[in-house]
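Everything below concerns the one structure shown next.
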Amino acid sequence: MENIVAQLLQSNNRKLYFYSNLNKNNSNESMEIDFLIKINNKICPIEVKSSKRYTYNSLNKFKEKFRGKVGQAIILHTKDLRIEKDIFFLPLYMAGLL
């Protein structure tokens, strides 16, 4: 699923980046973000979730660590569009619109 999202984002001329911080000594420090794109001079983290049940701890950690530099956080998933707090939950097919 991440490859499909990468192709959709790339087709809109988005430069794709990811973030990974794996800390074997402290799992609370570990985080991985699938995609980072730039929108309005802010870093927008994107997580891709293909299962029905999921967590997004890494996304929350990333937003906290880079507060002030992070724009809109986005989760692309298999469900309907919704907004919770400061996270947009978008259906996967909307990746091509970012």
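Letters A, B, ... mark the chains of the structure tokens in the order given; residue numbers begin at 1 per chain; ligand numbers begin at 1, in order shown.
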Problem - A:Lys79 environment, 9 Å, only C-alpha atoms, sequence neighbours closer than 3 positions dropped, as a ChimeraX atom specification - result: /A:52,76,82,89-92
Fill in the blank from the handout: Judged by only C-alpha atoms, the minimum distance to A:Leu36 among A:Asn3, A:Leu8, A:Asn23, A:Ile74 is found for A:Ile74
Exercise for the section: Can you pull out every residue within 12 Å of stretch 53-60 of chain A, counting only C-alpha atoms, but drop anything in the same chain fewer than 4 positions away, and send it as a PyMOL selection string? Expected result: chain A and resi 18-22+27-36+44-49+64-67+70+72-79+85-89
Write the selection just made, keeping N, CA and C atoms, as a short mmCIF file (atom, residue, chain, number, x, y, z; two decimals), in the first residue's frame?
```cif
data_model
loop_
_atom_site.label_atom_id
_atom_site.label_comp_id
_atom_site.auth_asym_id
_atom_site.auth_seq_id
_atom_site.Cartn_x
_atom_site.Cartn_y
_atom_site.Cartn_z
N PHE A 18 11.14 10.24 4.37
CA PHE A 18 10.58 9.49 5.49
C PHE A 18 11.42 9.80 6.72
N TYR A 19 10.92 9.40 7.87
CA TYR A 19 11.65 9.63 9.11
C TYR A 19 11.69 8.33 9.90
N SER A 20 12.87 7.99 10.37
CA SER A 20 13.04 6.79 11.17
C SER A 20 14.01 7.07 12.30
N ASN A 21 13.60 6.77 13.50
CA ASN A 21 14.45 6.92 14.67
C ASN A 21 14.22 5.69 15.53
N LEU A 22 15.05 4.69 15.35
CA LEU A 22 14.91 3.44 16.10
C LEU A 22 15.91 3.43 17.24
N SER A 27 12.42 2.32 23.83
CA SER A 27 11.39 2.19 22.80
C SER A 27 10.46 3.40 22.74
N ASN A 28 10.40 4.18 23.82
CA ASN A 28 9.58 5.39 23.82
C ASN A 28 10.15 6.45 22.87
N GLU A 29 11.42 6.36 22.55
CA GLU A 29 12.07 7.29 21.63
C GLU A 29 11.92 6.85 20.17
N SER A 30 11.59 5.59 19.93
CA SER A 30 11.51 5.05 18.58
C SER A 30 10.27 5.56 17.86
N MET A 31 10.46 5.91 16.59
CA MET A 31 9.32 6.32 15.77
C MET A 31 9.70 6.17 14.31
N GLU A 32 8.68 5.98 13.49
CA GLU A 32 8.87 5.85 12.05
C GLU A 32 7.67 6.47 11.35
N ILE A 33 7.94 7.39 10.44
CA ILE A 33 6.89 8.06 9.68
C ILE A 33 7.06 7.65 8.22
N ASP A 34 5.97 7.22 7.58
CA ASP A 34 6.03 6.69 6.22
C ASP A 34 6.46 7.74 5.20
N PHE A 35 5.86 8.92 5.25
CA PHE A 35 6.17 9.97 4.28
C PHE A 35 6.18 11.33 4.95
N LEU A 36 7.07 12.18 4.48
CA LEU A 36 7.08 13.58 4.87
C LEU A 36 7.01 14.39 3.59
N CYS A 44 4.68 17.99 6.67
CA CYS A 44 3.44 17.26 6.91
C CYS A 44 3.73 15.76 6.95
N PRO A 45 3.62 15.16 8.13
CA PRO A 45 3.85 13.73 8.24
C PRO A 45 2.63 12.95 7.75
N ILE A 46 2.90 11.87 7.02
CA ILE A 46 1.84 11.03 6.49
C ILE A 46 2.10 9.59 6.90
N GLU A 47 1.10 8.98 7.49
CA GLU A 47 1.15 7.57 7.84
C GLU A 47 0.16 6.82 6.96
N VAL A 48 0.54 5.66 6.48
CA VAL A 48 -0.32 4.82 5.65
C VAL A 48 -0.73 3.61 6.48
N LYS A 49 -2.03 3.41 6.59
CA LYS A 49 -2.57 2.30 7.38
C LYS A 49 -3.51 1.49 6.49
N GLU A 64 5.02 15.90 18.54
CA GLU A 64 5.50 16.47 19.80
C GLU A 64 6.97 16.88 19.69
N LYS A 65 7.78 16.03 19.10
CA LYS A 65 9.22 16.30 19.00
C LYS A 65 9.51 17.50 18.11
N PHE A 66 8.78 17.65 17.03
CA PHE A 66 9.06 18.71 16.06
C PHE A 66 7.96 19.78 16.05
N ARG A 67 7.38 20.01 17.21
CA ARG A 67 6.33 21.02 17.37
C ARG A 67 6.82 22.36 16.80
N VAL A 70 5.88 21.27 12.30
CA VAL A 70 4.96 20.31 11.70
C VAL A 70 3.66 21.00 11.30
N GLN A 72 0.06 19.99 8.89
CA GLN A 72 -1.06 19.06 9.03
C GLN A 72 -0.58 17.62 9.05
N ALA A 73 -0.95 16.88 10.09
CA ALA A 73 -0.66 15.45 10.16
C ALA A 73 -1.78 14.71 9.44
N ILE A 74 -1.38 13.70 8.65
CA ILE A 74 -2.34 12.97 7.82
C ILE A 74 -2.17 11.47 8.00
N ILE A 75 -3.29 10.78 8.13
CA ILE A 75 -3.29 9.32 8.11
C ILE A 75 -4.14 8.91 6.91
N LEU A 76 -3.53 8.16 6.01
CA LEU A 76 -4.25 7.59 4.87
C LEU A 76 -4.67 6.18 5.28
N HIS A 77 -5.98 5.91 5.23
CA HIS A 77 -6.46 4.61 5.70
C HIS A 77 -7.60 4.11 4.82
N THR A 78 -8.12 2.95 5.15
CA THR A 78 -9.13 2.29 4.33
C THR A 78 -10.56 2.72 4.69
N LYS A 79 -10.70 3.63 5.63
CA LYS A 79 -12.02 4.06 6.09
C LYS A 79 -12.38 5.42 5.50
N LYS A 85 -9.09 16.03 16.36
CA LYS A 85 -8.12 16.97 16.90
C LYS A 85 -7.36 17.61 15.75
N ASP A 86 -6.09 17.32 15.62
CA ASP A 86 -5.27 17.94 14.58
C ASP A 86 -4.77 16.93 13.55
N ILE A 87 -5.50 15.83 13.38
CA ILE A 87 -5.11 14.81 12.41
C ILE A 87 -6.24 14.63 11.40
N PHE A 88 -5.86 14.68 10.13
CA PHE A 88 -6.82 14.36 9.06
C PHE A 88 -6.70 12.88 8.75
N PHE A 89 -7.81 12.17 8.81
CA PHE A 89 -7.88 10.77 8.42
C PHE A 89 -8.52 10.75 7.03
#
```
Exercise for the section: Using DSSP on the backbone coordinates, identify the residues of stretch 3-88 of chain A assigned to strand (DSSP E); present them as an NGL selection string. Expected result: :A and (17-21 or 31-39 or 42-48 or 73-77 or 82-84 or 87-88)
Exercise for the section: Write down as a ChimeraX atom specification the residues belonging to stretch 33-66 of chain A that are assigned helix (DSSP H, G or I) by DSSP computed on the backbone. Expected result: /A:57-65
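In this comparison, which uses only C-alpha atoms, the residue of A:Ile43, A:Ser51, A:Glu84, A:Ala95 approaching A:Gly68 most closely is A:Ile43.
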